[in-house]
>>> print(open('start_32.pdb').read())   # PDB, C-alpha atoms
ATOM      1  CA  MET M   1       0.171  -4.236  30.264
ATOM      2  CA  GLU M   2       1.289  -1.645  27.774
ATOM      3  CA  LYS M   3      -0.120  -1.356  24.259
ATOM      4  CA  VAL M   4       2.715  -2.098  21.805
ATOM      5  CA  PHE M   5       0.626  -2.143  18.634
ATOM      6  CA  GLY M   6      -2.667  -0.428  17.879
ATOM      7  CA  ARG M   7      -4.496   1.758  15.380
ATOM      8  CA  SER M   8      -2.598   4.891  14.421
ATOM      9  CA  LYS M   9      -3.983   8.388  15.034
ATOM     10  CA  GLY M  10      -3.553   8.926  11.310
ATOM     11  CA  LEU M  11      -6.408   6.480  10.632
ATOM     12  CA  SER M  12     -10.045   7.420  11.099
ATOM     13  CA  GLY M  13     -12.231   4.746  12.726
ATOM     14  CA  THR M  14     -13.911   3.828   9.424
ATOM     15  CA  PRO M  15     -13.350   0.157   8.520
ATOM     16  CA  PHE M  16     -11.588  -0.312   5.163
ATOM     17  CA  SER M  17     -13.962  -1.023   2.295
ATOM     18  CA  PHE M  18     -11.569  -3.415   0.543
ATOM     19  CA  CYS M  19     -12.063  -7.146  -0.060
ATOM     20  CA  PRO M  20     -10.741  -9.531   2.642
ATOM     21  CA  GLY M  21      -6.972  -9.950   2.350
ATOM     22  CA  CYS M  22      -6.396  -6.917   0.092
ATOM     23  CA  THR M  23      -3.065  -5.364   1.021
ATOM     24  CA  HIS M  24      -4.274  -1.804   0.378
ATOM     25  CA  GLY M  25      -5.042  -1.764   4.102
ATOM     26  CA  ILE M  26      -1.451  -2.551   5.117
ATOM     27  CA  ILE M  27      -0.102   0.254   2.910
ATOM     28  CA  MET M  28      -2.636   2.767   4.253
ATOM     29  CA  ARG M  29      -1.759   1.811   7.818
ATOM     30  CA  LEU M  30       1.932   2.383   7.076
ATOM     31  CA  ILE M  31       1.237   5.844   5.624
ATOM     32  CA  ALA M  32      -0.913   6.742   8.655
ATOM     33  CA  GLU M  33       1.823   5.576  11.036
ATOM     34  CA  VAL M  34       4.479   7.566   9.155
ATOM     35  CA  LEU M  35       2.318  10.721   9.255
ATOM     36  CA  GLU M  36       1.872  10.231  13.013
ATOM     37  CA  GLU M  37       5.559   9.527  13.670
ATOM     38  CA  LEU M  38       6.701  12.569  11.685
ATOM     39  CA  ASP M  39       3.941  14.607  13.416
ATOM     40  CA  ILE M  40       2.583  15.973  10.140
ATOM     41  CA  ILE M  41      -1.057  14.759  10.179
ATOM     42  CA  GLU M  42      -2.342  18.345  10.620
ATOM     43  CA  GLU M  43      -0.323  19.773   7.744
ATOM     44  CA  THR M  44      -0.750  16.951   5.237
ATOM     45  CA  ILE M  45      -3.044  17.058   2.215
ATOM     46  CA  GLY M  46      -3.570  13.760   0.397
ATOM     47  CA  VAL M  47      -4.900  13.430  -3.131
ATOM     48  CA  SER M  48      -6.954  10.377  -3.994
ATOM     49  CA  PRO M  49      -7.578   9.226  -7.569
ATOM     50  CA  VAL M  50     -10.239   6.905  -8.986
ATOM     51  CA  GLY M  51     -10.215   3.163  -8.330
ATOM     52  CA  CYS M  52     -10.094   1.171  -5.111
ATOM     53  CA  SER M  53      -7.490   3.671  -3.892
ATOM     54  CA  GLY M  54     -10.065   6.412  -4.477
ATOM     55  CA  PHE M  55     -11.803   5.519  -1.233
ATOM     56  CA  CYS M  56      -8.786   6.512   0.831
ATOM     57  CA  GLN M  57     -10.071   9.928   1.945
ATOM     58  CA  ASP M  58     -12.497   8.110   4.261
ATOM     59  CA  PHE M  59      -9.755   6.302   6.130
ATOM     60  CA  PHE M  60      -7.223   9.031   6.997
ATOM     61  CA  THR M  61      -7.507  11.861   9.496
ATOM     62  CA  CYS M  62      -5.499  14.275   7.315
ATOM     63  CA  ASP M  63      -7.108  16.500   4.669
ATOM     64  CA  PHE M  64      -7.933  15.025   1.273
ATOM     65  CA  VAL M  65      -8.847  16.112  -2.235
ATOM     66  CA  SER M  66     -10.346  13.733  -4.788
ATOM     67  CA  GLY M  67      -9.135  13.871  -8.357
ATOM     68  CA  ALA M  68     -10.224  12.582 -11.731
ATOM     69  CA  HIS M  69      -8.800   9.270 -12.951
ATOM     70  CA  GLY M  70      -5.022   9.549 -13.366
ATOM     71  CA  ARG M  71      -4.895  13.267 -12.465
ATOM     72  CA  ALA M  72      -4.015  13.064  -8.767
ATOM     73  CA  GLN M  73      -0.453  14.259  -9.345
ATOM     74  CA  ALA M  74      -1.578  17.247 -11.426
ATOM     75  CA  ILE M  75      -3.838  18.312  -8.540
ATOM     76  CA  GLY M  76      -1.135  17.543  -5.959
ATOM     77  CA  ASN M  77       1.388  19.671  -7.853
ATOM     78  CA  GLY M  78      -1.039  22.606  -7.874
ATOM     79  CA  ILE M  79      -1.698  22.301  -4.145
ATOM     80  CA  LYS M  80       2.012  22.087  -3.343
ATOM     81  CA  ARG M  81       2.856  25.135  -5.487
ATOM     82  CA  ALA M  82       0.049  27.186  -3.934
ATOM     83  CA  LEU M  83       0.731  25.993  -0.377
ATOM     84  CA  PRO M  84       4.433  25.083  -0.250
ATOM     85  CA  ASP M  85       4.393  24.623   3.540
ATOM     86  CA  LYS M  86       1.961  21.731   3.330
ATOM     87  CA  ILE M  87       2.968  18.099   2.868
ATOM     88  CA  VAL M  88       1.231  16.733  -0.232
ATOM     89  CA  PHE M  89       1.004  13.082  -1.203
ATOM     90  CA  THR M  90      -0.883  11.103  -3.816
ATOM     91  CA  TYR M  91      -2.074   7.532  -3.301
ATOM     92  CA  GLN M  92      -2.636   5.867  -6.666
ATOM     93  CA  GLY M  93      -3.169   2.448  -8.133
ATOM     94  CA  ASP M  94      -1.098   1.100 -11.021
ATOM     95  CA  GLY M  95      -3.820   1.565 -13.629
ATOM     96  CA  ASP M  96      -4.148   5.155 -12.483
ATOM     97  CA  ILE M  97      -0.492   6.244 -12.306
ATOM     98  CA  ALA M  98       1.049   3.962 -14.966
ATOM     99  CA  GLY M  99      -1.886   3.850 -17.391
ATOM    100  CA  ILE M 100      -4.336   6.729 -17.406
ATOM    101  CA  GLY M 101      -1.993   9.185 -15.673
ATOM    102  CA  THR M 102       1.361   8.228 -17.228
ATOM    103  CA  GLN M 103       1.983  11.713 -18.627
ATOM    104  CA  HIS M 104       1.459  13.301 -15.186
ATOM    105  CA  ALA M 105       3.744  10.722 -13.546
ATOM    106  CA  ILE M 106       6.531  11.405 -16.036
ATOM    107  CA  HIS M 107       6.250  15.199 -16.069
ATOM    108  CA  THR M 108       5.833  15.451 -12.288
ATOM    109  CA  ALA M 109       9.146  13.612 -11.990
ATOM    110  CA  ALA M 110      10.779  15.569 -14.830
ATOM    111  CA  ARG M 111       9.856  18.903 -13.208
ATOM    112  CA  GLY M 112      10.997  17.644  -9.816
ATOM    113  CA  GLU M 113       7.707  18.597  -8.153
ATOM    114  CA  LYS M 114       8.180  18.422  -4.385
ATOM    115  CA  ILE M 115       5.426  15.904  -3.679
ATOM    116  CA  THR M 116       5.366  12.265  -2.606
ATOM    117  CA  SER M 117       3.552   9.613  -4.648
ATOM    118  CA  ILE M 118       2.634   6.152  -3.417
ATOM    119  CA  MET M 119       1.877   3.704  -6.231
ATOM    120  CA  VAL M 120       0.011   0.508  -5.358
ATOM    121  CA  ASN M 121       0.659  -2.098  -8.030
ATOM    122  CA  ASN M 122      -1.600  -5.157  -8.267
ATOM    123  CA  ALA M 123      -1.050  -5.649 -12.010
ATOM    124  CA  LEU M 124      -4.654  -4.982 -13.110
ATOM    125  CA  TYR M 125      -7.610  -2.610 -12.837
ATOM    126  CA  GLY M 126      -9.096  -3.934  -9.595
ATOM    127  CA  MET M 127     -12.226  -1.924  -8.963
ATOM    128  CA  THR M 128     -13.716  -2.145 -12.448
ATOM    129  CA  GLY M 129     -13.541  -5.937 -12.534
ATOM    130  CA  GLY M 130      -9.953  -7.012 -13.146
ATOM    131  CA  GLN M 131      -9.208  -5.745 -16.653
ATOM    132  CA  MET M 132      -5.689  -5.722 -18.105
ATOM    133  CA  ALA M 133      -3.565  -2.744 -17.008
ATOM    134  CA  PRO M 134      -0.233  -1.580 -18.492
ATOM    135  CA  THR M 135       1.407  -3.361 -15.529
ATOM    136  CA  THR M 136      -0.228  -6.753 -16.240
ATOM    137  CA  LEU M 137       2.492  -9.384 -16.549
ATOM    138  CA  LYS M 138       3.229 -11.330 -19.721
ATOM    139  CA  GLY M 139       0.896 -14.342 -19.885
ATOM    140  CA  MET M 140      -1.200 -13.149 -16.936
ATOM    141  CA  LYS M 141      -4.922 -13.895 -17.159
ATOM    142  CA  THR M 142      -7.330 -11.004 -16.617
ATOM    143  CA  THR M 143     -10.965 -10.499 -17.630
ATOM    144  CA  THR M 144      -9.866  -8.785 -20.868
ATOM    145  CA  THR M 145      -7.009 -11.220 -21.561
ATOM    146  CA  PRO M 146      -8.674 -14.563 -20.750
ATOM    147  CA  TYR M 147      -5.917 -16.518 -22.541
ATOM    148  CA  GLY M 148      -3.142 -14.571 -20.824
ATOM    149  CA  ARG M 149      -1.505 -11.300 -21.942
ATOM    150  CA  GLU M 150      -0.049 -11.956 -25.391
ATOM    151  CA  VAL M 151       2.740  -9.452 -25.974
ATOM    152  CA  GLU M 152       2.287  -9.614 -29.781
ATOM    153  CA  VAL M 153      -1.198  -8.154 -29.356
ATOM    154  CA  TYR M 154      -1.138  -6.211 -26.083
ATOM    155  CA  GLY M 155       2.509  -5.207 -25.762
ATOM    156  CA  TYR M 156       4.817  -5.478 -22.790
ATOM    157  CA  PRO M 157       4.241  -4.545 -19.134
ATOM    158  CA  ILE M 158       5.525  -1.177 -17.887
ATOM    159  CA  ASP M 159       7.884  -0.959 -14.898
ATOM    160  CA  LEU M 160       7.080   2.663 -14.007
ATOM    161  CA  PRO M 161       9.564   3.149 -11.113
ATOM    162  CA  LYS M 162      12.412   2.316 -13.513
ATOM    163  CA  ILE M 163      11.218   4.998 -15.953
ATOM    164  CA  ILE M 164      10.825   7.573 -13.161
ATOM    165  CA  ALA M 165      14.266   6.732 -11.740
ATOM    166  CA  ALA M 166      15.826   7.742 -15.065
ATOM    167  CA  LEU M 167      14.547  11.335 -14.707
ATOM    168  CA  ASP M 168      16.684  13.934 -12.933
ATOM    169  CA  GLY M 169      13.812  15.548 -10.990
ATOM    170  CA  ALA M 170      13.050  12.340  -9.107
ATOM    171  CA  VAL M 171      15.422  12.101  -6.150
ATOM    172  CA  TYR M 172      14.045   9.033  -4.409
ATOM    173  CA  VAL M 173      12.454   6.019  -6.122
ATOM    174  CA  ALA M 174      11.843   2.744  -4.313
ATOM    175  CA  SER M 175      10.010  -0.414  -5.286
ATOM    176  CA  VAL M 176       8.914  -2.500  -2.313
ATOM    177  CA  SER M 177       6.421  -5.211  -1.385
ATOM    178  CA  VAL M 178       4.115  -6.121   1.519
ATOM    179  CA  ASP M 179       4.143  -9.918   1.187
ATOM    180  CA  THR M 180       6.001 -10.714   4.436
ATOM    181  CA  PRO M 181       6.349  -8.901   7.799
ATOM    182  CA  LYS M 182       9.993  -8.105   6.932
ATOM    183  CA  ASN M 183       9.008  -6.510   3.634
ATOM    184  CA  VAL M 184       6.189  -4.595   5.338
ATOM    185  CA  LEU M 185       8.751  -3.018   7.680
ATOM    186  CA  GLN M 186      10.991  -2.181   4.705
ATOM    187  CA  THR M 187       8.013  -0.594   2.968
ATOM    188  CA  LYS M 188       7.401   1.581   6.008
ATOM    189  CA  LYS M 189      11.030   2.725   5.948
ATOM    190  CA  ALA M 190      10.736   3.605   2.251
ATOM    191  CA  ILE M 191       7.481   5.546   2.768
ATOM    192  CA  LYS M 192       8.999   7.417   5.712
ATOM    193  CA  LYS M 193      12.009   8.358   3.624
ATOM    194  CA  ALA M 194       9.771   9.557   0.795
ATOM    195  CA  PHE M 195       7.976  11.918   3.192
ATOM    196  CA  ARG M 196      11.257  13.131   4.697
ATOM    197  CA  VAL M 197      12.504  13.908   1.187
ATOM    198  CA  GLN M 198       9.511  16.198   0.784
ATOM    199  CA  GLN M 199      10.021  17.787   4.210
ATOM    200  CA  ALA M 200      13.594  18.585   3.167
ATOM    201  CA  GLY M 201      12.303  19.946  -0.192
ATOM    202  CA  LEU M 202      14.682  17.833  -2.248
ATOM    203  CA  GLY M 203      12.398  16.820  -5.135
ATOM    204  CA  PHE M 204       9.955  14.188  -6.297
ATOM    205  CA  ALA M 205       9.753  10.880  -4.412
ATOM    206  CA  LEU M 206       7.954   7.758  -5.603
ATOM    207  CA  VAL M 207       7.376   4.561  -3.645
ATOM    208  CA  SER M 208       5.899   1.690  -5.654
ATOM    209  CA  VAL M 209       4.391  -1.047  -3.487
ATOM    210  CA  LEU M 210       3.559  -4.462  -4.947
ATOM    211  CA  SER M 211       0.104  -5.395  -3.735
ATOM    212  CA  THR M 212      -2.423  -8.198  -4.192
ATOM    213  CA  CYS M 213      -5.939  -8.433  -5.600
ATOM    214  CA  PRO M 214      -7.274 -11.784  -4.271
ATOM    215  CA  THR M 215     -10.753 -11.212  -5.767
ATOM    216  CA  ASN M 216      -9.661 -10.532  -9.349
ATOM    217  CA  TRP M 217      -6.711 -12.901  -9.280
ATOM    218  CA  GLY M 218      -9.138 -15.638  -8.150
ATOM    219  CA  LEU M 219      -6.847 -16.727  -5.313
ATOM    220  CA  SER M 220      -7.078 -16.828  -1.518
ATOM    221  CA  PRO M 221      -5.271 -14.036   0.382
ATOM    222  CA  GLN M 222      -2.464 -16.458   1.293
ATOM    223  CA  GLU M 223      -2.114 -17.775  -2.273
ATOM    224  CA  SER M 224      -2.126 -14.200  -3.567
ATOM    225  CA  LEU M 225       0.929 -13.294  -1.487
ATOM    226  CA  LYS M 226       2.684 -16.404  -2.817
ATOM    227  CA  TRP M 227       1.712 -15.507  -6.398
ATOM    228  CA  LEU M 228       3.072 -11.979  -5.884
ATOM    229  CA  ARG M 229       6.371 -13.389  -4.597
ATOM    230  CA  GLU M 230       6.756 -15.897  -7.414
ATOM    231  CA  ASN M 231       5.564 -13.824 -10.364
ATOM    232  CA  MET M 232       5.675 -10.090  -9.699
ATOM    233  CA  MET M 233       8.842  -9.774  -7.632
ATOM    234  CA  PRO M 234      11.095 -11.439 -10.255
ATOM    235  CA  PHE M 235       9.741  -9.166 -13.005
ATOM    236  CA  TYR M 236       9.704  -5.752 -11.321
ATOM    237  CA  ALA M 237      12.997  -4.161 -10.270
ATOM    238  CA  MET M 238      12.922  -4.177  -6.457
ATOM    239  CA  GLY M 239      14.646  -2.117  -3.779
ATOM    240  CA  GLU M 240      15.870   1.484  -3.732
ATOM    241  CA  LEU M 241      16.116   2.237  -7.445
ATOM    242  CA  LYS M 242      17.332   5.768  -6.911
ATOM    243  CA  ALA M 243      18.498   7.777  -3.916
ATOM    244  CA  THR M 244      20.653  10.838  -4.490
ATOM    245  CA  GLU M 245      23.525  11.678  -2.117
ATOM    246  CA  GLU M 246      21.365  14.281  -0.356
ATOM    247  CA  VAL M 247      18.637  11.691   0.229
ATOM    248  CA  LYS M 248      21.133   9.177   1.591
ATOM    249  CA  ASN M 249      22.356  11.786   4.086
ATOM    250  CA  LEU M 250      18.826  12.449   5.436
TER     251      LEU M 250
ATOM    252  CA  MET X   1       3.265 -12.302  29.186
ATOM    253  CA  ALA X   2       1.688 -10.758  26.134
ATOM    254  CA  LYS X   3      -1.828 -10.490  24.824
ATOM    255  CA  VAL X   4      -3.473 -10.092  21.429
ATOM    256  CA  LYS X   5      -6.834  -8.369  21.108
ATOM    257  CA  VAL X   6      -8.834  -8.715  17.882
ATOM    258  CA  LEU X   7     -11.088  -5.728  17.151
ATOM    259  CA  SER X   8     -13.924  -7.812  15.717
ATOM    260  CA  GLN X   9     -15.705  -4.880  14.047
ATOM    261  CA  TYR X  10     -12.732  -4.506  11.669
ATOM    262  CA  CYS X  11     -11.877  -8.198  11.063
ATOM    263  CA  LYS X  12     -12.730  -9.666   7.629
ATOM    264  CA  CYS X  13     -11.386 -13.154   8.324
ATOM    265  CA  CYS X  14      -8.717 -13.083   5.592
ATOM    266  CA  GLN X  15      -6.643 -15.304   7.924
ATOM    267  CA  LEU X  16      -3.269 -13.757   7.058
ATOM    268  CA  CYS X  17      -2.644 -13.414  10.825
ATOM    269  CA  ILE X  18      -3.298 -17.137  11.377
ATOM    270  CA  GLU X  19      -0.784 -17.975   8.645
ATOM    271  CA  VAL X  20       1.963 -15.748  10.023
ATOM    272  CA  CYS X  21       1.677 -16.508  13.795
ATOM    273  CA  PRO X  22       4.660 -18.690  14.817
ATOM    274  CA  GLN X  23       2.820 -19.952  17.941
ATOM    275  CA  GLY X  24      -0.492 -20.959  16.319
ATOM    276  CA  GLY X  25      -2.121 -18.348  18.513
ATOM    277  CA  LEU X  26      -5.142 -17.405  16.373
ATOM    278  CA  LYS X  27      -8.066 -19.281  14.830
ATOM    279  CA  VAL X  28     -11.350 -18.571  13.066
ATOM    280  CA  GLY X  29     -14.064 -18.041  15.683
ATOM    281  CA  ASP X  30     -17.732 -18.990  15.624
ATOM    282  CA  LYS X  31     -19.187 -15.506  15.906
ATOM    283  CA  THR X  32     -19.892 -13.204  12.974
ATOM    284  CA  ASN X  33     -19.573  -9.440  13.166
ATOM    285  CA  ALA X  34     -22.108  -6.838  11.994
ATOM    286  CA  ARG X  35     -20.783  -7.042   8.442
ATOM    287  CA  GLY X  36     -21.239 -10.801   8.257
ATOM    288  CA  TYR X  37     -17.616 -11.912   8.530
ATOM    289  CA  ASN X  38     -16.567 -14.690  10.902
ATOM    290  CA  THR X  39     -13.935 -13.090  13.085
ATOM    291  CA  VAL X  40     -10.564 -14.411  14.215
ATOM    292  CA  VAL X  41     -10.081 -15.120  17.937
ATOM    293  CA  PRO X  42      -6.925 -15.755  20.015
ATOM    294  CA  VAL X  43      -6.178 -19.313  21.217
ATOM    295  CA  ASN X  44      -3.257 -20.716  23.253
ATOM    296  CA  GLU X  45      -3.022 -17.268  24.822
ATOM    297  CA  GLU X  46      -0.288 -18.307  27.258
ATOM    298  CA  LYS X  47       2.058 -18.946  24.306
ATOM    299  CA  CYS X  48       1.817 -15.395  22.867
ATOM    300  CA  THR X  49       5.193 -13.644  22.845
ATOM    301  CA  GLY X  50       3.906 -10.265  21.647
ATOM    302  CA  CYS X  51       5.988 -10.391  18.449
ATOM    303  CA  THR X  52       3.277  -8.315  16.609
ATOM    304  CA  LEU X  53       3.689 -10.291  13.342
ATOM    305  CA  CYS X  54      -0.094 -10.813  13.178
ATOM    306  CA  ALA X  55      -0.747  -7.091  13.577
ATOM    307  CA  ILE X  56       1.920  -6.201  10.985
ATOM    308  CA  MET X  57       0.265  -8.414   8.361
ATOM    309  CA  CYS X  58      -3.361  -7.552   9.226
ATOM    310  CA  PRO X  59      -4.755  -5.603   6.230
ATOM    311  CA  ASP X  60      -7.626  -4.191   8.300
ATOM    312  CA  VAL X  61      -5.649  -2.993  11.349
ATOM    313  CA  ALA X  62      -7.918  -5.175  13.471
ATOM    314  CA  ILE X  63      -5.273  -6.399  15.936
ATOM    315  CA  GLU X  64      -3.947  -4.714  19.063
ATOM    316  CA  VAL X  65      -0.973  -6.185  20.921
ATOM    317  CA  TYR X  66      -0.286  -5.669  24.635
ATOM    318  CA  LYS X  67       2.927  -6.598  26.402
TER     319      LYS X  67
END
>>> encode(input="start_32.pdb", output="structure tokens")
Amino acid sequence: MEKVFGRSKGLSGTPFSFCPGCTHGIIMRLIAEVLEELDIIEETIGVSPVGCSGFCQDFFTCDFVSGAHGRAQAIGNGIKRALPDKIVFTYQGDGDIAGIGTQHAIHTAARGEKITSIMVNNALYGMTGGQMAPTTLKGMKTTTTPYGREVEVYGYPIDLPKIIAALDGAVYVASVSVDTPKNVLQTKKAIKKAFRVQQAGLGFALVSVLSTCPTNWGLSPQESLKWLRENMMPFYAMGELKATEEVKNL
Amino acid sequence: MAKVKVLSQYCKCCQLCIEVCPQGGLKVGDKTNARGYNTVVPVNEEKCTGCTLCAIMCPDVAIEVYK
């Protein structure tokens, strides 16, 4: 019998440190598979931020640099400018890229930095105990909004990919999900495209992936995927939000 | 003829694979791994079609599929 599915060479043997059912693991597997398929594991440098996603240097076989909270893109931009032949990607949570690091996200896109960013959006700060993030949905209960997010007090959620798509330097922006096998395969396609955009040197690419946080949402892994489908997918703009002509021809 | 192998050292028993398998080919086993999680084991092995849906949804990359 032939092996048709197994662990990618892009993943180290370390078991993921995430809670059971957390979809971080699916997204990391997809990145590892894309790095292997494009044969760029050796020349890739990842940048990890702070948060649950900050553990990711342990799980990949490519090189990694750890950044301060929200600053992964600033570090990634520096690496890419100093070593333009390398493939540089950042792997950030929503609180990191859309909250603490918003200015870096916007200016990285505005300058058209030739890096790839993967944003993992679970609508709250997961690692620190489930506090409200800028991406928390209206009415959503978190540990700091126990009665639900009231927009009169806490404002409205941010849909970062939409903001980034409006900037000229960003050439590829996609918002995808990992709630069903079909969507997982679509996510892989989007991540692969984002890396190919960088290989072709076209500009900044962002892939936002809707993810779950069963522990802080207080739901089972199965219920979490259902909650994501019913609440997050209708609110966030989904699909390829921006792909320039050059990207489409890749 | 296809076969699913669960790498028990990685499994955290989130049961997303059980939910997604169209053949009912996986269940929670009796044994725990070194990290204290009950691990998933294959059942009805003759029914497995090797569709890889379980492996696609596994958040811990704990499933290998052979065909």
>>> closest_residue(input="start_32.pdb", among="M:Gln73, M:Asn216, M:Thr108, M:Thr142", to="Gly203 in chain M", atoms="all atoms listed in the file")
M:Thr108
>>> closest_residue(input="start_32.pdb", among="M:Val178, M:Val247, M:Leu124, M:Met119", to="chain X", atoms="all atoms listed in the file")
M:Val178
>>> residues_around(input="start_32.pdb", residues="Cys17 in chain X", least_positions_apart="2", cutoff="8 Å", atoms="all atoms listed in the file", output="PyMOL selection string")
chain X and resi 15+19-21+26+53-55+57-58
>>> residues_near_point(input="start_32.pdb", point="(4.1, 1.3, -10.4)", cutoff="9 Å", atoms="all atoms listed in the file", output="list of chain:residue names")
M:Gln92, M:Gly93, M:Asp94, M:Gly95, M:Ile97, M:Ala98, M:Ile118, M:Met119, M:Val120, M:Asn121, M:Asn122, M:Ala123, M:Thr135, M:Ile158, M:Asp159, M:Leu160, M:Pro161, M:Lys162, M:Ser175, M:Leu206, M:Val207, M:Ser208, M:Val209, M:Leu210
>>> closest_atom_pairs(input="start_32.pdb", of="chain M", to="chain X", cutoff="8 Å", atoms="all atoms listed in the file", output="JSON lines")
{"residue": "M:Met1", "atom": "CA", "partner": "X:Lys67", "partner_atom": "CA", "distance": 5.3}
{"residue": "M:Glu2", "atom": "CA", "partner": "X:Tyr66", "partner_atom": "CA", "distance": 5.3}
{"residue": "M:Lys3", "atom": "CA", "partner": "X:Tyr66", "partner_atom": "CA", "distance": 4.3}
{"residue": "M:Val4", "atom": "CA", "partner": "X:Tyr66", "partner_atom": "CA", "distance": 5.5}
{"residue": "M:Phe5", "atom": "CA", "partner": "X:Val65", "partner_atom": "CA", "distance": 4.9}
{"residue": "M:Gly6", "atom": "CA", "partner": "X:Glu64", "partner_atom": "CA", "distance": 4.6}
{"residue": "M:Arg7", "atom": "CA", "partner": "X:Val61", "partner_atom": "CA", "distance": 6.3}
{"residue": "M:Pro15", "atom": "CA", "partner": "X:Tyr10", "partner_atom": "CA", "distance": 5.7}
{"residue": "M:Phe16", "atom": "CA", "partner": "X:Asp60", "partner_atom": "CA", "distance": 6.4}
{"residue": "M:Pro20", "atom": "CA", "partner": "X:Cys14", "partner_atom": "CA", "distance": 5.0}
{"residue": "M:Gly21", "atom": "CA", "partner": "X:Cys14", "partner_atom": "CA", "distance": 4.8}
{"residue": "M:Cys22", "atom": "CA", "partner": "X:Pro59", "partner_atom": "CA", "distance": 6.5}
{"residue": "M:Thr23", "atom": "CA", "partner": "X:Pro59", "partner_atom": "CA", "distance": 5.5}
{"residue": "M:His24", "atom": "CA", "partner": "X:Pro59", "partner_atom": "CA", "distance": 7.0}
{"residue": "M:Gly25", "atom": "CA", "partner": "X:Pro59", "partner_atom": "CA", "distance": 4.4}
{"residue": "M:Ile26", "atom": "CA", "partner": "X:Pro59", "partner_atom": "CA", "distance": 4.6}
{"residue": "M:Arg29", "atom": "CA", "partner": "X:Val61", "partner_atom": "CA", "distance": 7.1}
{"residue": "M:Thr180", "atom": "CA", "partner": "X:Met57", "partner_atom": "CA", "distance": 7.3}
{"residue": "M:Pro181", "atom": "CA", "partner": "X:Ile56", "partner_atom": "CA", "distance": 6.1}
{"residue": "M:Val184", "atom": "CA", "partner": "X:Ile56", "partner_atom": "CA", "distance": 7.3}
{"residue": "M:Pro221", "atom": "CA", "partner": "X:Cys14", "partner_atom": "CA", "distance": 6.3}
{"residue": "M:Gln222", "atom": "CA", "partner": "X:Leu16", "partner_atom": "CA", "distance": 6.4}
>>> atom_distance(input="start_32.pdb", atom1="CA of Asp39 in chain M", atom2="CA of Arg111 in chain M")
27.6 Å
>>> closest_residue(input="start_32.pdb", among="M:Ala105, M:Gly112, M:Val176, M:Ala200", to="Ile87 in chain M", atoms="all atoms listed in the file")
M:Ala200
>>> closest_residue(input="start_32.pdb", among="M:Lys86, M:Arg71, M:His104, M:Arg81", to="Ile41 in chain M", atoms="all atoms listed in the file")
M:Lys86
>>> atom_distance(input="start_32.pdb", atom1="CA of Leu35 in chain M", atom2="CA of Phe89 in chain M")
10.8 Å
>>> residues_near_point(input="start_32.pdb", point="(-9.1, -5.8, -10.4)", cutoff="10 Å", atoms="all atoms listed in the file", output="compact mmCIF listing (two decimals) with C-alpha atoms, in the frame of the given file")
# COMPACT_ATOMS: atom_id res chain seq x y z
CA GLY M 51 -10.22 3.16 -8.33
CA CYS M 52 -10.09 1.17 -5.11
CA GLY M 95 -3.82 1.56 -13.63
CA ASN M 122 -1.60 -5.16 -8.27
CA ALA M 123 -1.05 -5.65 -12.01
CA LEU M 124 -4.65 -4.98 -13.11
CA TYR M 125 -7.61 -2.61 -12.84
CA GLY M 126 -9.10 -3.93 -9.60
CA MET M 127 -12.23 -1.92 -8.96
CA THR M 128 -13.72 -2.14 -12.45
CA GLY M 129 -13.54 -5.94 -12.53
CA GLY M 130 -9.95 -7.01 -13.15
CA GLN M 131 -9.21 -5.74 -16.65
CA MET M 132 -5.69 -5.72 -18.10
CA ALA M 133 -3.56 -2.74 -17.01
CA THR M 142 -7.33 -11.00 -16.62
CA THR M 143 -10.96 -10.50 -17.63
CA THR M 212 -2.42 -8.20 -4.19
CA CYS M 213 -5.94 -8.43 -5.60
CA PRO M 214 -7.27 -11.78 -4.27
CA THR M 215 -10.75 -11.21 -5.77
CA ASN M 216 -9.66 -10.53 -9.35
CA TRP M 217 -6.71 -12.90 -9.28
>>> atom_distance(input="start_32.pdb", atom1="CA of Ala165 in chain M", atom2="CA of Ala243 in chain M")
9.0 Å
>>> closest_residue(input="start_32.pdb", among="M:Leu30, M:Ser12, M:Phe60, M:Tyr91", to="Ser48 in chain M", atoms="all atoms listed in the file")
M:Tyr91
>>> closest_residue(input="start_32.pdb", among="M:Leu167, M:Ala74, M:Leu137, M:Leu83", to="Ile45 in chain M", atoms="all atoms listed in the file")
M:Leu83
>>> residues_around(input="start_32.pdb", residues="Asn33 in chain X", least_positions_apart="5", cutoff="8 Å", atoms="all atoms listed in the file", output="PDB file with C-alpha atoms, in the frame of the given file")
ATOM      1  CA  SER X   8     -13.924  -7.812  15.717  1.00  0.00           C
ATOM      2  CA  GLN X   9     -15.705  -4.880  14.047  1.00  0.00           C
ATOM      3  CA  ASN X  38     -16.567 -14.690  10.902  1.00  0.00           C
ATOM      4  CA  THR X  39     -13.935 -13.090  13.085  1.00  0.00           C
TER       5      THR X  39
END
>>> resolve_selection(input="start_32.pdb", expression="the PyMOL selection byres ((chain M and resi 228) around 9)", output="PyMOL selection string")
chain M and resi 122+177+179+210-212+223-227+229-233
